[in-house]
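Here's the structure we're looking at; comments come further down.
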Amino acid sequence: MKFNWGTGIVIAIIGFISFIMYFVITMSTDKNYSHDLVTDKYYQQELVYQNQIDATKNASNLEEKVTLLKVKEGLKIKFPSNFDTKEINGKVFLYRPSNKQLDFEMPISISNTYLLVPEKRLLGGRWNISVSWSYKGKDYLFKEELNL
């Protein structure tokens, strides 16, 4: 068999196509490369994004900010002391980027101006916390990234 330029080009093209097909099949079938969206209702949340911007601005304009403290019992979320705890309504959402099954949401029920997230719910690693609440008709939003 004679090996010339035409044969070399055909072998190179077949090799390149085989290389690309290998990576396409590997990426589409391997579970290590499976990633979820941050939220399932992405477009619905996009429509109310301006409300989130306003609520974040309201929270940043507070004289006393929301603070997070890691304590032995869990994560303590401390609200401003000048707020009446009976009038705070909202929720805390903890998002785990690496595992969707660990995400959880809890309503805000405050005692002594703080909310405690139990230690047993928080595995070590990265968490994104989002605290959204309303106080006297005004919405607030606090977001932070945690490494526990």
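Chain labels A, B, ... are given in the sequence in which chains occur in the structure tokens; within each chain residues are numbered consecutively from 1, and ligands are likewise numbered from 1 in the order shown.
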
Notebook entry, point to check: Near A:Thr85, within 12 Å and counting only C-alpha atoms, which residues show up once chain neighbours fewer than 6 positions away are dropped, as a count of residues only?
Noted result: 14

Next item on the list: Name all residues at most 6 Å from stretch 127-132 of chain A (count only C-alpha atoms; drop same-chain ones fewer than 6 positions away) and give them as an MDAnalysis selection string.
Entry: chainID A and resid 90:96 140:146

Check: Using only C-alpha atoms, which residue out of A:Leu122, A:Leu69, A:Leu47, A:Ile17 lies closest to A:Leu102?
Finding: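 Counting only C-alpha atoms, the residue closest to A:Leu102 is A:Leu122.
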